[in-house]
$ cat target.tsv   # TSV, C-alpha atoms
chain	number	residue	atom	x	y	z
A	1	MET	CA	35.15	196.42	-11.23
A	2	ALA	CA	32.70	193.97	-12.75
A	3	ALA	CA	29.34	195.15	-14.01
A	4	PRO	CA	27.20	195.94	-10.98
A	5	SER	CA	23.68	194.71	-10.43
A	6	GLY	CA	20.89	196.34	-8.50
A	7	ARG	CA	17.16	196.49	-8.04
A	8	SER	CA	16.73	200.20	-8.63
A	9	GLY	CA	17.09	202.47	-11.63
A	10	ARG	CA	20.42	203.48	-10.13
A	11	GLY	CA	21.63	199.89	-10.55
A	12	LEU	CA	20.66	199.92	-14.21
A	13	TRP	CA	22.43	203.26	-14.70
A	14	ALA	CA	25.52	201.88	-12.97
A	15	ALA	CA	25.50	198.91	-15.36
A	16	LEU	CA	25.08	201.09	-18.44
A	17	VAL	CA	27.91	203.53	-17.68
A	18	PRO	CA	30.73	200.92	-17.98
A	19	ALA	CA	29.16	199.52	-21.14
A	20	ALA	CA	28.99	203.02	-22.64
A	21	LEU	CA	32.61	203.59	-21.62
A	22	LEU	CA	33.64	200.41	-23.42
A	23	CYS	CA	31.67	201.37	-26.56
A	24	LEU	CA	33.25	204.81	-26.60
A	25	ALA	CA	36.70	203.29	-26.25
A	26	ALA	CA	36.03	200.92	-29.14
A	27	ARG	CA	34.41	203.50	-31.43
A	28	ALA	CA	36.86	206.29	-30.68
A	29	ALA	CA	39.83	204.01	-31.17
A	30	GLU	CA	42.54	205.86	-32.94
A	31	GLU	CA	44.57	202.72	-33.03
A	32	SER	CA	43.45	199.11	-32.78
A	33	SER	CA	44.81	195.67	-33.41
A	34	ALA	CA	42.98	192.38	-33.96
A	35	ALA	CA	44.42	188.89	-34.13
A	36	GLU	CA	43.15	185.34	-34.32
A	37	PHE	CA	44.64	182.58	-32.19
A	38	ASP	CA	43.92	178.96	-31.35
A	39	VAL	CA	42.64	178.03	-27.90
A	40	ARG	CA	44.09	174.57	-27.38
A	41	PRO	CA	42.80	171.87	-25.05
A	42	GLY	CA	45.05	169.36	-23.30
A	43	GLY	CA	45.30	170.82	-19.82
A	44	GLU	CA	48.49	172.81	-20.43
A	45	VAL	CA	48.67	176.51	-19.61
A	46	HIS	CA	48.85	178.72	-22.73
A	47	SER	CA	49.07	182.50	-23.21
A	48	PHE	CA	48.34	184.94	-26.02
A	49	SER	CA	49.17	188.68	-25.98
A	50	ARG	CA	48.59	191.82	-28.02
A	51	SER	CA	50.22	195.21	-27.43
A	52	LEU	CA	49.58	198.75	-28.56
A	53	GLU	CA	52.05	201.46	-27.67
A	54	ASP	CA	52.97	200.77	-24.03
A	55	ARG	CA	49.83	198.77	-23.15
A	56	THR	CA	49.44	194.99	-23.30
A	57	CYS	CA	46.63	192.50	-22.84
A	58	THR	CA	47.56	188.89	-22.09
A	59	PHE	CA	45.10	185.99	-21.97
A	60	THR	CA	46.32	182.93	-20.05
A	61	TYR	CA	44.24	179.76	-19.82
A	62	SER	CA	44.07	176.01	-19.48
A	63	ALA	CA	41.30	174.01	-21.19
A	64	GLN	CA	40.20	170.41	-21.69
A	65	GLY	CA	38.08	168.49	-24.22
A	66	GLY	CA	37.47	168.74	-27.95
A	67	THR	CA	39.90	170.20	-30.45
A	68	ASN	CA	41.45	173.61	-31.07
A	69	GLU	CA	39.02	176.53	-31.32
A	70	GLN	CA	39.61	179.72	-33.27
A	71	TRP	CA	39.38	182.79	-30.98
A	72	GLN	CA	40.08	186.51	-31.48
A	73	MET	CA	41.68	189.25	-29.42
A	74	ASN	CA	41.10	192.93	-30.15
A	75	VAL	CA	42.96	195.70	-28.36
A	76	GLY	CA	42.38	199.40	-28.90
A	77	ILE	CA	43.39	202.80	-27.58
A	78	SER	CA	41.00	205.75	-27.57
A	79	GLU	CA	41.70	208.90	-29.55
A	80	ASP	CA	42.60	210.82	-26.38
A	81	ASN	CA	45.02	208.00	-25.40
A	82	GLN	CA	43.26	207.51	-22.03
A	83	LEU	CA	41.24	204.32	-22.57
A	84	PHE	CA	42.57	200.89	-23.45
A	85	SER	CA	40.17	198.13	-24.44
A	86	CYS	CA	40.76	194.41	-24.72
A	87	SER	CA	38.21	191.90	-25.99
A	88	ILE	CA	38.83	188.17	-26.17
A	89	TRP	CA	36.15	185.91	-27.61
A	90	ARG	CA	35.13	182.96	-29.72
A	91	PRO	CA	33.46	184.40	-32.86
A	92	GLN	CA	31.22	181.31	-33.18
A	93	GLY	CA	29.59	182.27	-29.88
A	94	LYS	CA	29.90	179.33	-27.52
A	95	SER	CA	33.05	177.48	-26.64
A	96	TYR	CA	32.78	173.74	-26.23
A	97	LEU	CA	36.01	173.50	-24.26
A	98	PHE	CA	36.07	173.17	-20.48
A	99	PHE	CA	38.28	175.92	-19.06
A	100	THR	CA	40.03	174.84	-15.88
A	101	GLN	CA	41.45	178.36	-15.44
A	102	PHE	CA	41.62	181.75	-17.15
A	103	LYS	CA	43.18	185.14	-16.54
A	104	ALA	CA	43.32	188.28	-18.65
A	105	GLU	CA	45.97	190.75	-17.55
A	106	VAL	CA	46.38	194.37	-18.60
A	107	LYS	CA	49.73	196.19	-18.36
A	108	GLY	CA	50.04	199.96	-18.72
A	109	ALA	CA	46.46	200.73	-17.58
A	110	LYS	CA	44.06	200.06	-14.69
A	111	ILE	CA	40.82	198.16	-15.23
A	112	GLU	CA	37.66	200.22	-14.80
A	113	TYR	CA	35.23	197.66	-16.21
A	114	ALA	CA	35.43	193.94	-16.97
A	115	MET	CA	32.94	191.20	-17.73
A	116	ALA	CA	33.26	187.50	-18.51
A	117	TYR	CA	30.69	185.54	-20.52
A	118	SER	CA	29.82	181.88	-20.93
A	119	GLN	CA	28.38	182.62	-24.40
A	120	ALA	CA	29.22	185.40	-26.86
A	121	ALA	CA	26.48	187.03	-28.94
A	122	VAL	CA	26.17	185.50	-32.41
A	123	GLY	CA	23.33	184.69	-34.80
A	124	GLY	CA	20.59	186.40	-32.82
A	125	GLN	CA	21.82	184.99	-29.50
A	126	SER	CA	22.77	187.32	-26.66
A	127	ASP	CA	25.89	187.44	-24.52
A	128	ILE	CA	25.38	185.36	-21.39
A	129	PRO	CA	27.47	186.71	-18.50
A	130	LEU	CA	29.12	184.53	-15.91
A	131	LYS	CA	27.76	184.87	-12.39
A	132	GLN	CA	29.68	187.46	-10.36
A	133	GLU	CA	30.98	184.80	-7.98
A	134	GLU	CA	32.64	182.87	-10.85
A	135	PHE	CA	35.33	185.47	-11.54
A	136	GLU	CA	37.18	188.30	-9.85
A	137	VAL	CA	38.49	191.64	-11.07
A	138	THR	CA	41.50	193.52	-9.71
A	139	GLU	CA	43.18	196.70	-10.97
A	140	THR	CA	45.03	194.71	-13.63
A	141	THR	CA	43.43	191.26	-13.98
A	142	VAL	CA	40.19	189.40	-14.62
A	143	ALA	CA	40.45	185.76	-13.53
A	144	HIS	CA	38.41	182.69	-12.67
A	145	ARG	CA	37.55	182.24	-9.02
A	146	GLU	CA	38.80	178.89	-7.74
A	147	GLY	CA	35.96	176.60	-6.69
A	148	LYS	CA	33.25	178.92	-8.08
A	149	PHE	CA	34.02	179.02	-11.82
A	150	ARG	CA	31.83	176.57	-13.77
A	151	PHE	CA	34.35	175.90	-16.57
A	152	GLU	CA	32.47	177.84	-19.31
A	153	LEU	CA	34.08	180.81	-21.04
A	154	SER	CA	33.42	182.31	-24.47
A	155	LYS	CA	34.21	186.02	-24.07
A	156	LEU	CA	36.08	188.53	-21.89
A	157	VAL	CA	35.71	192.30	-22.20
A	158	ILE	CA	37.95	194.84	-20.46
A	159	ALA	CA	38.05	198.65	-20.43
A	160	ALA	CA	41.04	200.15	-18.66
A	161	ARG	CA	42.19	203.73	-18.06
A	162	THR	CA	45.73	204.86	-18.61
A	163	PRO	CA	47.07	206.78	-15.60
A	164	ARG	CA	47.49	210.46	-16.37
A	165	GLU	CA	51.00	211.76	-16.16
A	166	GLU	CA	51.21	214.93	-14.10
A	167	LEU	CA	53.48	217.64	-15.38
$ encode --input "target.tsv" --output "structure tokens"
Amino acid sequence: MAAPSGRSGRGLWAALVPAALLCLAARAAEESSAAEFDVRPGGEVHSFSRSLEDRTCTFTYSAQGGTNEQWQMNVGISEDNQLFSCSIWRPQGKSYLFFTQFKAEVKGAKIEYAMAYSQAAVGGQSDIPLKQEEFEVTETTVAHREGKFRFELSKLVIAARTPREEL
């Protein structure tokens, strides 16, 4: 589910809970992996993946304009092995590429929180989230919404829960 919005204090609380969940997953990470990769323009579909244990995060995209941009992907698993986090972003903050499509897919866990941003926080700037209608979240993916996405992407954040195995 994407970060909810509301007019009451309950809406604010509902927005803070997923963010706290993501922070806990990142801070309590027993195991994490970070990697840099190039986001390449040219209109072709490209993918980049990182795995930890039996969980994987894959970022698939197509972009136009400019030259290659250096991006990062971090994946982590919480100490209790229940939360899986995946963050994909451009460390310089704002991407100058025009994304014609994007999808981040998680395998081995179900998404509890996801947010996409047109600008990532850097140098005193804040994250700027995409409008809710620009992307959609399912149990395993975060993807652009055809006809609504405005071609700007600089960051994706996902927190997913690993299904408990019953004995």
$ closest_atom_pairs --input "target.tsv" --of "range 30-147 of chain A" --to "range 152-161 of chain A" --cutoff "9 Å" --atoms "only C-alpha atoms" --output "CSV"
residue,atom,partner,partner_atom,distance
A:Trp71,CA,A:Ser154,CA,8.8
A:Asn81,CA,A:Arg161,CA,9.0
A:Gln82,CA,A:Arg161,CA,5.6
A:Leu83,CA,A:Arg161,CA,4.6
A:Phe84,CA,A:Ala160,CA,5.1
A:Ser85,CA,A:Ala159,CA,4.6
A:Cys86,CA,A:Ile158,CA,5.1
A:Ser87,CA,A:Val157,CA,4.6
A:Ile88,CA,A:Leu156,CA,5.1
A:Trp89,CA,A:Lys155,CA,4.0
A:Arg90,CA,A:Ser154,CA,5.6
A:Pro91,CA,A:Ser154,CA,8.6
A:Gly93,CA,A:Ser154,CA,6.6
A:Lys94,CA,A:Ser154,CA,5.5
A:Ser95,CA,A:Ser154,CA,5.3
A:Tyr96,CA,A:Glu152,CA,8.0
A:Leu97,CA,A:Glu152,CA,7.5
A:Phe98,CA,A:Glu152,CA,6.0
A:Phe99,CA,A:Glu152,CA,6.1
A:Thr100,CA,A:Glu152,CA,8.8
A:Phe102,CA,A:Leu153,CA,8.5
A:Ala104,CA,A:Leu156,CA,7.9
A:Val106,CA,A:Ala160,CA,7.9
A:Gly108,CA,A:Arg161,CA,8.7
A:Ala109,CA,A:Arg161,CA,5.2
A:Lys110,CA,A:Ala160,CA,5.0
A:Ile111,CA,A:Ala160,CA,4.0
A:Glu112,CA,A:Ala160,CA,5.1
A:Tyr113,CA,A:Ala159,CA,5.2
A:Ala114,CA,A:Ile158,CA,4.4
A:Met115,CA,A:Val157,CA,5.4
A:Ala116,CA,A:Leu156,CA,4.5
A:Tyr117,CA,A:Lys155,CA,5.0
A:Ser118,CA,A:Leu153,CA,4.4
A:Gln119,CA,A:Ser154,CA,5.1
A:Ala120,CA,A:Ser154,CA,5.7
A:Asp127,CA,A:Lys155,CA,8.5
A:Pro129,CA,A:Lys155,CA,8.8
A:Leu130,CA,A:Leu153,CA,8.0
A:Glu139,CA,A:Ala160,CA,8.7
A:Thr140,CA,A:Ala160,CA,8.4
A:Val142,CA,A:Ile158,CA,8.3
$ residues_near_point --input "target.tsv" --point "(51.6, 202.7, -18.2)" --cutoff "7 Å" --atoms "all atoms listed in the file" --output "ChimeraX atom specification"
/A:54-55,107-109,162-163
$ axis_aligned_box --input "target.tsv" --around "range 145-155 of chain A" --padding-each-side "4 Å" --output "JSON"
{"center_x": 35.3, "center_y": 181.0, "center_z": -15.6, "size_x": 15.0, "size_y": 18.1, "size_z": 25.8}
$ residues_near_point --input "target.tsv" --point "(39.9, 187.8, -6.5)" --cutoff "12 Å" --atoms "all atoms listed in the file" --output "PyMOL selection string"
chain A and resi 1-2+103+132-149
$ closest_residue --input "target.tsv" --among "A:Gln92, A:Glu105, A:Val45, A:Glu79" --to "Cys57 in chain A" --atoms "only C-alpha atoms"
A:Glu105
$ atom_distance --input "target.tsv" --atom1 "CA of Phe48 in chain A" --atom2 "CA of Thr60 in chain A"
6.6 Å
$ atom_distance --input "target.tsv" --atom1 "CA of Thr58 in chain A" --atom2 "CA of Ala34 in chain A"
13.2 Å
$ atom_distance --input "target.tsv" --atom1 "CA of Ser62 in chain A" --atom2 "CA of Ser47 in chain A"
9.0 Å
$ decode --input "target.tsv" --residues "range 153-166 of chain A" --atoms "all heavy atoms" --output "PDB file, in the first residue's frame"
ATOM      1  N   LEU A 153      11.219  10.357 -12.068  1.00  0.00           N
ATOM      2  CA  LEU A 153      11.476   9.383 -11.014  1.00  0.00           C
ATOM      3  C   LEU A 153      12.899   9.590 -10.525  1.00  0.00           C
ATOM      4  O   LEU A 153      13.825   9.722 -11.328  1.00  0.00           O
ATOM      5  CB  LEU A 153      11.315   7.950 -11.539  1.00  0.00           C
ATOM      6  CG  LEU A 153      11.480   6.856 -10.493  1.00  0.00           C
ATOM      7  CD1 LEU A 153      10.333   6.871  -9.491  1.00  0.00           C
ATOM      8  CD2 LEU A 153      11.576   5.493 -11.168  1.00  0.00           C
ATOM      9  N   SER A 154      13.073   9.639  -9.211  1.00  0.00           N
ATOM     10  CA  SER A 154      14.410   9.758  -8.627  1.00  0.00           C
ATOM     11  C   SER A 154      14.624   8.813  -7.455  1.00  0.00           C
ATOM     12  O   SER A 154      15.748   8.645  -6.994  1.00  0.00           O
ATOM     13  CB  SER A 154      14.666  11.192  -8.149  1.00  0.00           C
ATOM     14  OG  SER A 154      14.740  12.063  -9.253  1.00  0.00           O
ATOM     15  N   LYS A 155      13.528   8.194  -6.961  1.00  0.00           N
ATOM     16  CA  LYS A 155      13.668   7.326  -5.789  1.00  0.00           C
ATOM     17  C   LYS A 155      12.440   6.433  -5.650  1.00  0.00           C
ATOM     18  O   LYS A 155      11.319   6.861  -5.908  1.00  0.00           O
ATOM     19  CB  LYS A 155      13.810   8.208  -4.543  1.00  0.00           C
ATOM     20  CG  LYS A 155      14.017   7.473  -3.249  1.00  0.00           C
ATOM     21  CD  LYS A 155      14.200   8.495  -2.122  1.00  0.00           C
ATOM     22  CE  LYS A 155      14.449   7.868  -0.791  1.00  0.00           C
ATOM     23  NZ  LYS A 155      14.599   8.906   0.257  1.00  0.00           N
ATOM     24  N   LEU A 156      12.680   5.188  -5.225  1.00  0.00           N
ATOM     25  CA  LEU A 156      11.628   4.240  -4.863  1.00  0.00           C
ATOM     26  C   LEU A 156      12.012   3.627  -3.521  1.00  0.00           C
ATOM     27  O   LEU A 156      13.180   3.263  -3.321  1.00  0.00           O
ATOM     28  CB  LEU A 156      11.515   3.109  -5.885  1.00  0.00           C
ATOM     29  CG  LEU A 156      10.866   3.419  -7.208  1.00  0.00           C
ATOM     30  CD1 LEU A 156      11.091   2.269  -8.192  1.00  0.00           C
ATOM     31  CD2 LEU A 156       9.378   3.640  -7.025  1.00  0.00           C
ATOM     32  N   VAL A 157      11.051   3.492  -2.623  1.00  0.00           N
ATOM     33  CA  VAL A 157      11.294   2.896  -1.316  1.00  0.00           C
ATOM     34  C   VAL A 157      10.231   1.837  -1.074  1.00  0.00           C
ATOM     35  O   VAL A 157       9.040   2.097  -1.246  1.00  0.00           O
ATOM     36  CB  VAL A 157      11.233   3.966  -0.201  1.00  0.00           C
ATOM     37  CG1 VAL A 157      11.432   3.343   1.158  1.00  0.00           C
ATOM     38  CG2 VAL A 157      12.253   5.063  -0.452  1.00  0.00           C
ATOM     39  N   ILE A 158      10.674   0.646  -0.661  1.00  0.00           N
ATOM     40  CA  ILE A 158       9.753  -0.472  -0.426  1.00  0.00           C
ATOM     41  C   ILE A 158      10.096  -1.147   0.899  1.00  0.00           C
ATOM     42  O   ILE A 158      11.270  -1.393   1.187  1.00  0.00           O
ATOM     43  CB  ILE A 158       9.864  -1.520  -1.556  1.00  0.00           C
ATOM     44  CG1 ILE A 158       9.511  -0.893  -2.898  1.00  0.00           C
ATOM     45  CG2 ILE A 158       9.008  -2.738  -1.253  1.00  0.00           C
ATOM     46  CD1 ILE A 158       9.839  -1.782  -4.089  1.00  0.00           C
ATOM     47  N   ALA A 159       9.061  -1.445   1.682  1.00  0.00           N
ATOM     48  CA  ALA A 159       9.194  -2.289   2.878  1.00  0.00           C
ATOM     49  C   ALA A 159       8.242  -3.448   2.683  1.00  0.00           C
ATOM     50  O   ALA A 159       7.051  -3.247   2.421  1.00  0.00           O
ATOM     51  CB  ALA A 159       8.870  -1.518   4.143  1.00  0.00           C
ATOM     52  N   ALA A 160       8.761  -4.659   2.782  1.00  0.00           N
ATOM     53  CA  ALA A 160       7.956  -5.850   2.548  1.00  0.00           C
ATOM     54  C   ALA A 160       8.118  -6.829   3.707  1.00  0.00           C
ATOM     55  O   ALA A 160       9.180  -6.873   4.338  1.00  0.00           O
ATOM     56  CB  ALA A 160       8.364  -6.510   1.224  1.00  0.00           C
ATOM     57  N   ARG A 161       7.083  -7.594   3.974  1.00  0.00           N
ATOM     58  CA  ARG A 161       7.115  -8.565   5.069  1.00  0.00           C
ATOM     59  C   ARG A 161       7.227  -9.971   4.491  1.00  0.00           C
ATOM     60  O   ARG A 161       6.543 -10.319   3.544  1.00  0.00           O
ATOM     61  CB  ARG A 161       5.870  -8.454   5.924  1.00  0.00           C
ATOM     62  CG  ARG A 161       5.909  -9.366   7.144  1.00  0.00           C
ATOM     63  CD  ARG A 161       4.860  -9.033   8.170  1.00  0.00           C
ATOM     64  NE  ARG A 161       4.929  -7.676   8.682  1.00  0.00           N
ATOM     65  CZ  ARG A 161       5.737  -7.254   9.654  1.00  0.00           C
ATOM     66  NH1 ARG A 161       6.586  -8.109  10.194  1.00  0.00           N
ATOM     67  NH2 ARG A 161       5.688  -6.019  10.070  1.00  0.00           N
ATOM     68  N   THR A 162       8.108 -10.728   5.110  1.00  0.00           N
ATOM     69  CA  THR A 162       8.286 -12.123   4.722  1.00  0.00           C
ATOM     70  C   THR A 162       7.165 -12.945   5.353  1.00  0.00           C
ATOM     71  O   THR A 162       6.919 -12.803   6.540  1.00  0.00           O
ATOM     72  CB  THR A 162       9.652 -12.648   5.223  1.00  0.00           C
ATOM     73  OG1 THR A 162      10.662 -11.804   4.708  1.00  0.00           O
ATOM     74  CG2 THR A 162       9.904 -14.071   4.758  1.00  0.00           C
ATOM     75  N   PRO A 163       6.484 -13.759   4.562  1.00  0.00           N
ATOM     76  CA  PRO A 163       5.413 -14.589   5.150  1.00  0.00           C
ATOM     77  C   PRO A 163       5.987 -15.522   6.207  1.00  0.00           C
ATOM     78  O   PRO A 163       7.065 -16.103   6.024  1.00  0.00           O
ATOM     79  CB  PRO A 163       4.880 -15.386   3.956  1.00  0.00           C
ATOM     80  CG  PRO A 163       5.389 -14.708   2.746  1.00  0.00           C
ATOM     81  CD  PRO A 163       6.631 -13.990   3.136  1.00  0.00           C
ATOM     82  N   ARG A 164       5.273 -15.620   7.323  1.00  0.00           N
ATOM     83  CA  ARG A 164       5.713 -16.525   8.394  1.00  0.00           C
ATOM     84  C   ARG A 164       5.409 -17.953   7.995  1.00  0.00           C
ATOM     85  O   ARG A 164       4.346 -18.244   7.459  1.00  0.00           O
ATOM     86  CB  ARG A 164       5.001 -16.208   9.703  1.00  0.00           C
ATOM     87  CG  ARG A 164       5.409 -14.902  10.295  1.00  0.00           C
ATOM     88  CD  ARG A 164       4.700 -14.716  11.619  1.00  0.00           C
ATOM     89  NE  ARG A 164       4.953 -13.402  12.141  1.00  0.00           N
ATOM     90  CZ  ARG A 164       5.780 -13.175  13.154  1.00  0.00           C
ATOM     91  NH1 ARG A 164       6.405 -14.172  13.734  1.00  0.00           N
ATOM     92  NH2 ARG A 164       5.973 -11.950  13.581  1.00  0.00           N
ATOM     93  N   GLU A 165       6.337 -18.812   8.289  1.00  0.00           N
ATOM     94  CA  GLU A 165       6.118 -20.235   8.023  1.00  0.00           C
ATOM     95  C   GLU A 165       5.531 -20.864   9.281  1.00  0.00           C
ATOM     96  O   GLU A 165       6.080 -20.764  10.355  1.00  0.00           O
ATOM     97  CB  GLU A 165       7.420 -20.929   7.652  1.00  0.00           C
ATOM     98  CG  GLU A 165       7.961 -20.452   6.321  1.00  0.00           C
ATOM     99  CD  GLU A 165       9.202 -21.203   5.902  1.00  0.00           C
ATOM    100  OE1 GLU A 165       9.443 -22.307   6.413  1.00  0.00           O
ATOM    101  OE2 GLU A 165       9.947 -20.655   5.084  1.00  0.00           O
ATOM    102  N   GLU A 166       4.374 -21.463   9.114  1.00  0.00           N
ATOM    103  CA  GLU A 166       3.716 -22.138  10.243  1.00  0.00           C
ATOM    104  C   GLU A 166       4.317 -23.523  10.436  1.00  0.00           C
ATOM    105  O   GLU A 166       4.627 -24.215   9.476  1.00  0.00           O
ATOM    106  CB  GLU A 166       2.204 -22.260   9.987  1.00  0.00           C
ATOM    107  CG  GLU A 166       1.495 -20.935   9.805  1.00  0.00           C
ATOM    108  CD  GLU A 166       1.548 -20.056  11.045  1.00  0.00           C
ATOM    109  OE1 GLU A 166       1.458 -20.604  12.167  1.00  0.00           O
ATOM    110  OE2 GLU A 166       1.664 -18.836  10.907  1.00  0.00           O
TER     111      GLU A 166
END
